[in-house]
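Remarks on the structure that follows.
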Amino acid sequence: MMDKLLQWLDHRTGYKATLSDALYENVPGGARWRYITGSMLVFAFVTQAITGLILWTAYSASSQTAWESVYYIQHEMTAGWFLRGVHHNMAQAMIILLVLHMLQVVIDGAYKPPREFNFWIGLILMLLILGLALTGYLLPWDQKGFWATSVATNLSSLTPLVGDQVQQVAVGGPEYGHHTLTRFFALHAGLLPALLVMFLGIHVAFFRRHGISAESSPNRPDQYFWPHQVLKDAIGCFVLMIVIVGAVIYTHGAEMTAPADASEPYAAARPEWYFLFLFQMLKMFENEFVGAIVLPGAVMAFLFLMPLTGRVKMGHIVNVVVLVVLMVGAGYLTVEAWNEDNFADGRTKPSEMDFGGDQDAEDAYTEKFEASESFLNAQEQAEKDYERLVRLIERKGIPKGGAIELQRNDPFTQGPKLFARHCKSCHSRDDGGGEGIVANPPVAPNLHGIGSRDWLSGLLDPEQISTDRYFGGTALMELDMHSFVMSDLADLDENGKTRLEKIVMAVSAEAKLLSQTDLDATAATDGSIAAGLEAFQVAFVKDSSSCIDCHKLGDIGDLGSAPDLTGWGSREWLRGMIANPNHERFYANSDSSMPAFAENSEDPSRNQLTDHELDMLVRWLRDED
Amino acid sequence: MTQTTENAASSQPPQEERRNFIVEAAAVIIGGIVGLFPVVAGLGVIFDPLLRKKKGPGGKEVGGGFVRIANFDALPADGQPQQFPVIADRLDAWNYFPNERIGSVFVRRVGENDVQVFNSVCPHLGCLVSYAEGKGNFHCPCHNSAFQVDGEKIDNPAKPNPSPRALDSLDVDSERLAESGEIWVKFQNFYTGKEDKVAK
């Protein structure tokens with residue numbers, strides 16, 4: 001019965017002949033492990049096609065949604081990280097397999113006549129796969145992919161005559177944007193895979209036409225493809241699968257960095273490792289035309305000519321040797337690129353090294369060290385930014401404008417940048433232990449912990465006020481405040497110390513620091529603040545001044561001679577101080593040397609800091625998360 | 001493997017026909033037109049980036065105008081460059097973003113009352129350069145291009161500088177600078193990798 005049914009099916013479809021054609025292909029010299037790379041590549045490609053299609057069901061190509069949709073796959077969707085990890089890792093594996101496959105074909109001489117065409121088709125397949133790798137890197141629209149890919153598309157403008165036009169058509173306009181993603185996605189998920197399938201079909205058909213190039217020998221009898229070679233292929237694919245799964249679990253999927261931002265430099269922009277040798281080559285030439293076009297072009301031309309030059313024995317030997325040399329060269333450049341980037345890792349700082357007076361050696365070391373340091377710092381910063389953003393998203397969700405909106409409005413991300421841009425030329429903000437931003441040299445107080453009891457008691461300490469944490473090296477040394485601290489607060493008795501402590505508590509409570517909420521509440525209930533306010537109005541040294549003689553605090557005292565301490569260190573006070581330090585509330589009567597950053601209330605566009613920037617800066621200064 | 005040719009002769013060609021050039025040519029031409037039709041239908045969209053003028057809402061042109069960067073007072077007196085973001089309107093395909101960060105520039109004092117402004121984009125391949133205060137030069141983190149504080153290329157025989165030109169300086173509205181001390185800059189991006197500055 002079954003036989004009859006199958007016969008009927010065969011009569012209509014001819015499946016038996018097709019199947020036996022496929023399975024009973026003769027393998028001269030029998031099955032070998034070295035033939036498995038082709039099947040593994042097919043397995044890898046099918047994996048990419050299927051995982052890619054599934055990723056597509058969750059991906060949205062636009063500059064406001066690409067990163068967000070990938071984030072959602074990675075962090076929210078069930079096993080999304082795994083799917084993404086498989087696609088990412090399999091892409092890397094494909095590159096390695098591609099190289100092995102090509103080496104096997106060339107070393108075995110399988111590219112020689114009559115198989116020239118199949119070798120050329122193979123090279124086209126290689127270019128298509130590299131194209132898929134390049135276009136895929138951009139799709140998550142993160143800083144890493146954005147900057148690496150923009151270098152690659154900028155290279156396309158080197159094309160003679162129509163370079164600018166080529167670049168614009170590739171990028172979808174003069175700058176990166178929505179259309180870069182839509183175009184890259186159409187290439188990555190549409191055109192390139194379609195061409196790949198087409199050429200793969202031809203590749204396999206040509207392969208079947210000419211068969212395996214090996215020759216039969218008495219020691220190794222021929223075998224059919226089924227089952228011996230099929231088993232070897234299957235084992236190869238199985239091992240690949242295990243390796244991929246292991247890598248995915250080990251790395252927890254694929255990496256992601258903060259969303260792409262054209263105005264935000266990313267000093268760790270590097271292509272994927274398999275393009276690193278090209279990247280490294282660009283550093284070696286004065287003119288990137290050589291490194292980016294001439295050399296790779298020459299290599300491709302050499303590869304395309306190999307089947308022709310390989311006809312004679314000498315030509316074949318040259319081909320194998322050159323190919324191996326190219327591989328070693330590319331490997332060397334890759335390692336060198338990696339070494340240069342990681343040079344500073346685990347090495348001594350140049351300032352702590354002894355070069356024995358050898359200036360050239362010192363300069364060379366310093367330059368290498370600093371370049372690598374900036375790379376490693378950028379990498380670390382990118383990780384921090386990303387982790388921060390993940391926390392923000394968990395807390396607030398992704399707004400309509402995309403995740404970049406969260407990042408641009410986040411005091412903890414923007415505060416340090418604003419500080420570095422506007423404040424760092426005078427102020428430091430570091431904890432003294434190497435954490436934070438350090439001015440070189442500081443000519444204004446260190447703002448780390450501004451508003452806190454610790455900061456204030458340091459200011460009122462004769463041993464500290466002249467250090468560069470406070471007034472040291474600044475114009476503030478001339479202030480009466482400095483001489484007051486140096487004389488009146490110099491030799492306090494126990495009573496004086498207690499009074500000073502209460503004053504610190506009372507004034508610091510004005511700041512309403514979130515980190516001091518509990519301390520402030522206790523101080524209010526146990527009467528410390530009231531005692532502090534009282535002490536504020538009494539001189540420490542007989543017939544000398546008290547705080548109130550210069551400073552206003554709430555309802556007591558008058559404005560004018562020194563900064564108003566009402567709300568000292570609070571959000572509002574800091575905003576006012578930064579906006580205009582020469583306002584009568586602050587340093588109206590003494591030169592603070594500090595510029596006003598937002599004094600135009602009528603026309604805010606003239607201010608150096610926008611209202612929003614000011615807000616972020618102040619929140620960050622106050623450590624408000 | 002030997003070639004299988006068993007099914008090659010299964011169908012007899014029709015009776016020898018007089019070759020008809022016109023029929024063949026017509027088949028090729030019409031077939032060709034039909035085959036090309038879908039691609040031709042899409043040519044406009046493919047090459048749209050080359051034909052598009054950057055027009056924002058109300059037909060106003062986006063980009064290329066003078067943008068306020070900072071006040072002269074904000075610059076360090078010693079001529080050290082300071083980096084500022086460039087805030088202007090941006091058009092990205094279907095989206096219009098008013099007042100967005102569209103790039104950044106380095107501004108430095110030159111003499112008593114003039115400034116020099118550079119686009120932060122490296123002319124080599126478009127990464128963003130940074131300024132090293134200690135060394136007093138600009139450095140690109142991608143392929144080691146380096147520039148002096150005045151934007152000129154640093155030529156060091158020991159270490160190739162892949163940049164084809166100096167940092168891209170930008171035009172400053174000198175009248176406004178003299179009148180109000182405000183720095184207005186004509187913000188432009190340029191094609192990278194070329195010896196000449198070509199505005200995008």
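Here's how to read the names in the structure tokens: chain A, B, ... by the order shown, residue numbers from 1 in each chain, ligand numbers from 1 in the order shown.
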Identify, with DSSP run on backbone atoms, the residues in chain B assigned to alpha helix (DSSP H), and express the list as a PDB file with C-alpha atoms, in the first residue's frame.
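What follows is the written file result08.pdb:
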ATOM      1  CA  PHE B  21      14.671  38.573 -36.642  1.00  0.00           C
ATOM      2  CA  ILE B  22      11.791  40.902 -35.914  1.00  0.00           C
ATOM      3  CA  VAL B  23      10.036  38.425 -33.667  1.00  0.00           C
ATOM      4  CA  GLU B  24      13.230  37.739 -31.751  1.00  0.00           C
ATOM      5  CA  ALA B  25      14.068  41.401 -31.369  1.00  0.00           C
ATOM      6  CA  ALA B  26      10.546  42.225 -30.248  1.00  0.00           C
ATOM      7  CA  ALA B  27      10.606  39.421 -27.688  1.00  0.00           C
ATOM      8  CA  VAL B  28      13.912  40.624 -26.295  1.00  0.00           C
ATOM      9  CA  ILE B  29      12.871  44.256 -26.173  1.00  0.00           C
ATOM     10  CA  ILE B  30       9.436  43.711 -24.687  1.00  0.00           C
ATOM     11  CA  GLY B  31      10.757  41.123 -22.279  1.00  0.00           C
ATOM     12  CA  GLY B  32      13.523  43.490 -21.283  1.00  0.00           C
ATOM     13  CA  ILE B  33      11.134  46.365 -20.684  1.00  0.00           C
ATOM     14  CA  VAL B  34       8.874  44.212 -18.576  1.00  0.00           C
ATOM     15  CA  GLY B  35      11.859  42.887 -16.660  1.00  0.00           C
ATOM     16  CA  LEU B  36      13.241  46.332 -15.935  1.00  0.00           C
ATOM     17  CA  PHE B  37       9.866  47.848 -15.102  1.00  0.00           C
ATOM     18  CA  PRO B  38       9.910  47.125 -11.334  1.00  0.00           C
ATOM     19  CA  VAL B  39      13.411  48.533 -10.955  1.00  0.00           C
ATOM     20  CA  VAL B  40      12.618  51.646 -12.979  1.00  0.00           C
ATOM     21  CA  ALA B  41       9.532  52.222 -10.853  1.00  0.00           C
ATOM     22  CA  GLY B  42      11.838  52.435  -7.829  1.00  0.00           C
ATOM     23  CA  LEU B  43      14.672  54.517  -9.278  1.00  0.00           C
ATOM     24  CA  GLY B  44      13.164  57.747  -8.016  1.00  0.00           C
ATOM     25  CA  VAL B  45      13.120  56.532  -4.444  1.00  0.00           C
ATOM     26  CA  ILE B  46      16.578  54.976  -4.640  1.00  0.00           C
ATOM     27  CA  ASP B  48      15.902  60.502  -3.906  1.00  0.00           C
ATOM     28  CA  PRO B  49      18.768  61.502  -1.564  1.00  0.00           C
ATOM     29  CA  LEU B  50      20.557  63.100  -4.512  1.00  0.00           C
ATOM     30  CA  LEU B  51      17.539  65.111  -5.611  1.00  0.00           C
ATOM     31  CA  SER B 174      32.439  88.944  12.618  1.00  0.00           C
ATOM     32  CA  GLU B 175      30.009  91.850  12.728  1.00  0.00           C
ATOM     33  CA  ARG B 176      27.901  90.289  15.394  1.00  0.00           C
ATOM     34  CA  LEU B 177      31.010  89.274  17.297  1.00  0.00           C
ATOM     35  CA  ALA B 178      32.255  92.851  17.300  1.00  0.00           C
ATOM     36  CA  GLU B 179      28.849  94.299  18.226  1.00  0.00           C
ATOM     37  CA  SER B 180      27.601  91.989  20.941  1.00  0.00           C
TER      38      SER B 180
END
Near segment 369-379 of chain A, within 8 Å and counting only C-alpha atoms, which residues show up once chain neighbours fewer than 4 positions away are dropped, as a list of chain:residue names? A:Tyr266, A:Ala267, A:Ala268, A:Glu340, A:Asp341, A:Asn342, A:Phe343, A:Ala344, A:Asp345, A:Lys349, A:Pro350, A:Tyr365, A:Glu383, B:Pro141
Let me see the file: selected residues, N, CA and C atoms, as a PDB file, in the first residue's frame.
ATOM      1  N   TYR A 266      32.449  59.075  20.550  1.00  0.00           N
ATOM      2  CA  TYR A 266      32.614  57.739  21.102  1.00  0.00           C
ATOM      3  C   TYR A 266      34.006  57.265  20.723  1.00  0.00           C
ATOM      4  N   ALA A 267      34.930  57.433  21.669  1.00  0.00           N
ATOM      5  CA  ALA A 267      36.336  57.195  21.360  1.00  0.00           C
ATOM      6  C   ALA A 267      36.661  55.712  21.216  1.00  0.00           C
ATOM      7  N   ALA A 268      35.696  54.836  21.491  1.00  0.00           N
ATOM      8  CA  ALA A 268      35.977  53.402  21.362  1.00  0.00           C
ATOM      9  C   ALA A 268      35.319  52.830  20.116  1.00  0.00           C
ATOM     10  N   GLU A 340      47.165  47.672  20.548  1.00  0.00           N
ATOM     11  CA  GLU A 340      47.254  49.122  20.677  1.00  0.00           C
ATOM     12  C   GLU A 340      46.128  49.655  21.548  1.00  0.00           C
ATOM     13  N   ASP A 341      44.918  49.103  21.338  1.00  0.00           N
ATOM     14  CA  ASP A 341      43.777  49.586  22.114  1.00  0.00           C
ATOM     15  C   ASP A 341      43.893  49.221  23.587  1.00  0.00           C
ATOM     16  N   ASN A 342      44.531  48.085  23.866  1.00  0.00           N
ATOM     17  CA  ASN A 342      44.589  47.626  25.249  1.00  0.00           C
ATOM     18  C   ASN A 342      45.959  47.841  25.881  1.00  0.00           C
ATOM     19  N   PHE A 343      46.762  48.685  25.243  1.00  0.00           N
ATOM     20  CA  PHE A 343      48.130  48.912  25.704  1.00  0.00           C
ATOM     21  C   PHE A 343      48.173  49.326  27.174  1.00  0.00           C
ATOM     22  N   ALA A 344      47.267  50.236  27.562  1.00  0.00           N
ATOM     23  CA  ALA A 344      47.317  50.800  28.911  1.00  0.00           C
ATOM     24  C   ALA A 344      46.837  49.809  29.966  1.00  0.00           C
ATOM     25  N   ASP A 345      46.208  48.740  29.528  1.00  0.00           N
ATOM     26  CA  ASP A 345      45.648  47.789  30.475  1.00  0.00           C
ATOM     27  C   ASP A 345      46.767  47.048  31.202  1.00  0.00           C
ATOM     28  N   LYS A 349      51.623  53.811  34.542  1.00  0.00           N
ATOM     29  CA  LYS A 349      51.417  55.133  33.964  1.00  0.00           C
ATOM     30  C   LYS A 349      52.758  55.742  33.575  1.00  0.00           C
ATOM     31  N   PRO A 350      52.783  56.494  32.460  1.00  0.00           N
ATOM     32  CA  PRO A 350      54.063  57.065  32.019  1.00  0.00           C
ATOM     33  C   PRO A 350      54.677  57.966  33.088  1.00  0.00           C
ATOM     34  N   TYR A 365      56.042  56.040  24.490  1.00  0.00           N
ATOM     35  CA  TYR A 365      55.267  55.295  25.489  1.00  0.00           C
ATOM     36  C   TYR A 365      54.035  56.095  25.909  1.00  0.00           C
ATOM     37  N   GLU A 383      29.851  51.582  28.849  1.00  0.00           N
ATOM     38  CA  GLU A 383      29.171  50.572  29.658  1.00  0.00           C
ATOM     39  C   GLU A 383      28.364  51.213  30.763  1.00  0.00           C
TER      40      GLU A 383
ATOM     41  N   PRO B 141      40.391  59.657  17.955  1.00  0.00           N
ATOM     42  CA  PRO B 141      40.537  58.336  18.579  1.00  0.00           C
ATOM     43  C   PRO B 141      40.480  57.176  17.586  1.00  0.00           C
TER      44      PRO B 141
END
Which chain B residues are at most 8 Å from chain A (counting only C-alpha atoms), as a ChimeraX atom specification? /B:1,3,46-50,70-71,74,82-85,92-93,101-104,125-129,141-144,160-164,191-194,200
With C-alpha atoms kept, could you save the residues just selected as a PDB file, in the first residue's frame?
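Ended up saving to selection31.pdb:
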ATOM      1  CA  MET B   1      31.171  12.339 -11.156  1.00  0.00           C
ATOM      2  CA  GLN B   3      27.406  14.097 -16.201  1.00  0.00           C
ATOM      3  CA  ILE B  46      16.578  54.976  -4.640  1.00  0.00           C
ATOM      4  CA  PHE B  47      18.146  58.199  -5.893  1.00  0.00           C
ATOM      5  CA  ASP B  48      15.902  60.502  -3.906  1.00  0.00           C
ATOM      6  CA  PRO B  49      18.768  61.502  -1.564  1.00  0.00           C
ATOM      7  CA  LEU B  50      20.557  63.100  -4.512  1.00  0.00           C
ATOM      8  CA  ALA B  70      28.517  81.009  22.884  1.00  0.00           C
ATOM      9  CA  ASN B  71      29.640  84.345  24.230  1.00  0.00           C
ATOM     10  CA  ALA B  74      33.013  82.213  27.962  1.00  0.00           C
ATOM     11  CA  GLN B  82      36.521  75.015  24.296  1.00  0.00           C
ATOM     12  CA  GLN B  83      33.962  72.578  22.963  1.00  0.00           C
ATOM     13  CA  PHE B  84      30.340  73.649  22.517  1.00  0.00           C
ATOM     14  CA  PRO B  85      27.319  71.802  21.218  1.00  0.00           C
ATOM     15  CA  ASP B  92      15.565  63.589   9.490  1.00  0.00           C
ATOM     16  CA  ALA B  93      13.408  62.253   6.666  1.00  0.00           C
ATOM     17  CA  ARG B 101      21.951  69.081  19.177  1.00  0.00           C
ATOM     18  CA  ILE B 102      23.202  68.647  15.618  1.00  0.00           C
ATOM     19  CA  GLY B 103      26.938  68.622  16.173  1.00  0.00           C
ATOM     20  CA  SER B 104      29.696  70.268  18.128  1.00  0.00           C
ATOM     21  CA  LEU B 125      36.781  59.548   8.259  1.00  0.00           C
ATOM     22  CA  GLY B 126      34.313  61.397  10.429  1.00  0.00           C
ATOM     23  CA  CYS B 127      34.999  60.400  14.035  1.00  0.00           C
ATOM     24  CA  LEU B 128      34.914  63.219  16.594  1.00  0.00           C
ATOM     25  CA  VAL B 129      38.266  64.639  17.664  1.00  0.00           C
ATOM     26  CA  PRO B 141      40.537  58.336  18.579  1.00  0.00           C
ATOM     27  CA  CYS B 142      39.928  56.325  15.417  1.00  0.00           C
ATOM     28  CA  HIS B 143      43.029  56.376  13.219  1.00  0.00           C
ATOM     29  CA  ASN B 144      45.369  58.709  15.120  1.00  0.00           C
ATOM     30  CA  PRO B 160      51.635  58.795   9.654  1.00  0.00           C
ATOM     31  CA  ASN B 161      48.798  61.288   9.939  1.00  0.00           C
ATOM     32  CA  PRO B 162      46.038  59.912   7.745  1.00  0.00           C
ATOM     33  CA  SER B 163      43.983  63.101   7.628  1.00  0.00           C
ATOM     34  CA  PRO B 164      43.900  64.610   4.139  1.00  0.00           C
ATOM     35  CA  TYR B 191      32.770  65.339   3.135  1.00  0.00           C
ATOM     36  CA  THR B 192      35.601  63.442   4.747  1.00  0.00           C
ATOM     37  CA  GLY B 193      38.665  61.902   3.183  1.00  0.00           C
ATOM     38  CA  LYS B 194      39.229  64.650   0.611  1.00  0.00           C
ATOM     39  CA  LYS B 200      27.601  68.282   2.476  1.00  0.00           C
TER      40      LYS B 200
END
To one decimal in Å, tell me the separation between atom CA of Leu559 of chain A and atom CA of Ala588 of chain A.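 Separating atom CA of Leu559 of chain A from atom CA of Ala588 of chain A is a distance of 9.7 Å.
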Go ahead and compute the interatomic distance for atom CA of Met594 of chain A and atom CA of Gly458 of chain A, in Å to one decimal. 21.5 Å
Tell me, as a count of residues only, which residues lie within 7 Å of Leu132 of chain A, counting only C-alpha atoms; anything in the same chain fewer than 4 positions away does not count. 4
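The neighbours of Ala132 of chain B here are the residues that come within 10 Å of it, using only C-alpha atoms and leaving out any residue fewer than 6 positions away in the same chain; they are Glu370 of chain A; Gln80, Pro81, Phe138, His139 and Val149 of chain B.
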Pick out each residue of segment 7-193 of chain B that DSSP on the backbone tags as strand (DSSP E); I need them as a PyMOL selection string. chain B and resi 66-71+82-92+95-110+114-119+130-132+137-139+146-148+182-186
Distance atom CA of Val86 of chain A-atom CA of Ala194 of chain A, one decimal place? 21.0 Å
Return the single residue from A:Leu392, A:Ala598, A:Leu125, A:Ala254 that is closest to Phe82 of chain A, with distances computed using only C-alpha atoms.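 Smallest separation from Phe82 of chain A among the options: A:Ala254.
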Residue contacts of Asp222 of chain A (10 Å, only C-alpha atoms) excluding same-chain residues fewer than 2 positions away, as an mmCIF file with N, CA and C atoms, in the first residue's frame:
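Final file, around.cif:
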data_model
loop_
_atom_site.group_PDB
_atom_site.id
_atom_site.type_symbol
_atom_site.label_atom_id
_atom_site.label_comp_id
_atom_site.auth_asym_id
_atom_site.auth_seq_id
_atom_site.Cartn_x
_atom_site.Cartn_y
_atom_site.Cartn_z
ATOM 1 N N ASN A 26 28.878 10.617 -5.504
ATOM 2 C CA ASN A 26 30.101 9.882 -5.189
ATOM 3 C C ASN A 26 31.135 10.829 -4.575
ATOM 4 N N VAL A 27 31.749 10.389 -3.524
ATOM 5 C CA VAL A 27 32.827 11.163 -2.917
ATOM 6 C C VAL A 27 34.123 10.419 -3.156
ATOM 7 N N PRO A 28 34.920 10.893 -4.131
ATOM 8 C CA PRO A 28 36.147 10.157 -4.449
ATOM 9 C C PRO A 28 37.082 10.185 -3.248
ATOM 10 N N GLY A 29 37.635 9.045 -2.930
ATOM 11 C CA GLY A 29 38.532 8.971 -1.782
ATOM 12 C C GLY A 29 37.790 8.930 -0.460
ATOM 13 N N GLY A 30 36.474 8.904 -0.530
ATOM 14 C CA GLY A 30 35.700 8.728 0.687
ATOM 15 C C GLY A 30 35.447 10.012 1.462
ATOM 16 N N ALA A 31 34.595 9.871 2.486
ATOM 17 C CA ALA A 31 34.217 11.032 3.309
ATOM 18 C C ALA A 31 35.425 11.535 4.080
ATOM 19 N N GLU A 215 40.878 12.827 -5.731
ATOM 20 C CA GLU A 215 40.984 11.655 -6.602
ATOM 21 C C GLU A 215 40.902 10.379 -5.773
ATOM 22 N N SER A 216 40.344 9.371 -6.425
ATOM 23 C CA SER A 216 40.238 8.094 -5.725
ATOM 24 C C SER A 216 41.627 7.483 -5.584
ATOM 25 N N SER A 217 41.805 6.725 -4.545
ATOM 26 C CA SER A 217 43.068 6.012 -4.393
ATOM 27 C C SER A 217 42.743 4.636 -3.826
ATOM 28 N N PRO A 218 43.638 3.689 -4.062
ATOM 29 C CA PRO A 218 43.359 2.327 -3.590
ATOM 30 C C PRO A 218 43.186 2.259 -2.078
ATOM 31 N N ASN A 219 43.932 3.130 -1.351
ATOM 32 C CA ASN A 219 43.835 3.078 0.106
ATOM 33 C C ASN A 219 42.503 3.603 0.615
ATOM 34 N N ARG A 220 42.017 4.606 -0.131
ATOM 35 C CA ARG A 220 40.777 5.222 0.331
ATOM 36 C C ARG A 220 39.715 5.021 -0.734
ATOM 37 N N TYR A 224 29.712 6.997 -1.010
ATOM 38 C CA TYR A 224 28.635 7.917 -1.347
ATOM 39 C C TYR A 224 28.564 9.002 -0.281
ATOM 40 N N PHE A 225 27.932 10.119 -0.670
ATOM 41 C CA PHE A 225 27.743 11.235 0.258
ATOM 42 C C PHE A 225 26.954 10.753 1.485
#
Counting only C-alpha atoms, the residue among B:Asp155, B:Glu195, B:Asp150, B:Asp114 that lies closest to Val172 of chain B is B:Asp114
Fewer than 5 positions away in the same chain doesn't count, so skip those; otherwise give me all residues within 12 Å of segment 205-207 of chain A, counting only C-alpha atoms, as a tab-separated table (two decimals) with N, CA and C atoms, in the first residue's frame.
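Below you can see selection.tsv, which holds the result:
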chain	number	residue	atom	x	y	z
A	21	ASP	N	19.99	11.49	-6.34
A	21	ASP	CA	21.01	12.41	-6.85
A	21	ASP	C	21.70	13.11	-5.69
A	22	ALA	N	20.89	13.57	-4.76
A	22	ALA	CA	21.42	14.35	-3.66
A	22	ALA	C	22.23	13.49	-2.70
A	25	GLU	N	25.66	11.00	-4.24
A	25	GLU	CA	26.78	11.62	-4.94
A	25	GLU	C	28.04	10.89	-4.54
A	27	VAL	N	31.75	10.39	-3.52
A	27	VAL	CA	32.83	11.16	-2.92
A	27	VAL	C	34.12	10.42	-3.16
A	38	GLY	N	31.67	23.45	4.07
A	38	GLY	CA	30.59	23.91	3.18
A	38	GLY	C	29.23	23.69	3.80
A	105	VAL	N	39.55	24.93	0.05
A	105	VAL	CA	39.36	24.86	-1.40
A	105	VAL	C	40.66	25.17	-2.13
A	110	ALA	N	40.92	22.88	-5.33
A	110	ALA	CA	39.57	22.70	-5.85
A	110	ALA	C	39.08	23.91	-6.65
A	111	TYR	N	39.93	24.92	-6.79
A	111	TYR	CA	39.53	26.12	-7.53
A	111	TYR	C	40.03	26.04	-8.96
A	114	PRO	N	38.05	22.43	-13.98
A	114	PRO	CA	37.02	23.29	-14.58
A	114	PRO	C	36.16	24.02	-13.57
A	115	ARG	N	36.68	24.24	-12.36
A	115	ARG	CA	35.84	24.77	-11.29
A	115	ARG	C	36.03	26.28	-11.08
A	116	GLU	N	36.61	26.97	-12.08
A	116	GLU	CA	36.87	28.41	-11.90
A	116	GLU	C	35.61	29.16	-11.52
A	117	PHE	N	34.52	28.87	-12.25
A	117	PHE	CA	33.31	29.65	-12.01
A	117	PHE	C	32.81	29.47	-10.60
A	118	ASN	N	32.92	28.25	-10.12
A	118	ASN	CA	32.41	28.05	-8.77
A	118	ASN	C	33.25	28.79	-7.75
A	119	PHE	N	34.55	28.89	-8.01
A	119	PHE	CA	35.39	29.67	-7.09
A	119	PHE	C	35.00	31.15	-7.12
A	120	TRP	N	34.73	31.64	-8.33
A	120	TRP	CA	34.32	33.06	-8.43
A	120	TRP	C	32.99	33.29	-7.73
A	121	ILE	N	32.07	32.33	-7.93
A	121	ILE	CA	30.79	32.46	-7.22
A	121	ILE	C	31.03	32.47	-5.71
A	122	GLY	N	31.98	31.63	-5.29
A	122	GLY	CA	32.31	31.59	-3.86
A	122	GLY	C	32.82	32.94	-3.38
A	198	MET	N	20.46	33.11	-4.11
A	198	MET	CA	20.62	32.86	-5.54
A	198	MET	C	22.02	32.30	-5.86
A	199	PHE	N	23.04	33.00	-5.35
A	199	PHE	CA	24.40	32.56	-5.65
A	199	PHE	C	24.74	31.25	-4.94
A	200	LEU	N	24.15	31.03	-3.78
A	200	LEU	CA	24.37	29.77	-3.08
A	200	LEU	C	23.81	28.62	-3.90
A	212	ILE	N	33.40	16.57	-6.25
A	212	ILE	CA	34.53	16.85	-5.37
A	212	ILE	C	35.82	16.62	-6.15
A	213	SER	N	36.80	17.48	-5.93
A	213	SER	CA	37.98	17.47	-6.79
A	213	SER	C	38.98	16.39	-6.41
B	1	MET	N	32.55	12.69	-10.84
B	1	MET	CA	31.17	12.34	-11.16
B	1	MET	C	30.94	12.55	-12.64
B	3	GLN	N	28.59	13.26	-15.97
B	3	GLN	CA	27.41	14.10	-16.20
B	3	GLN	C	26.20	13.27	-16.62
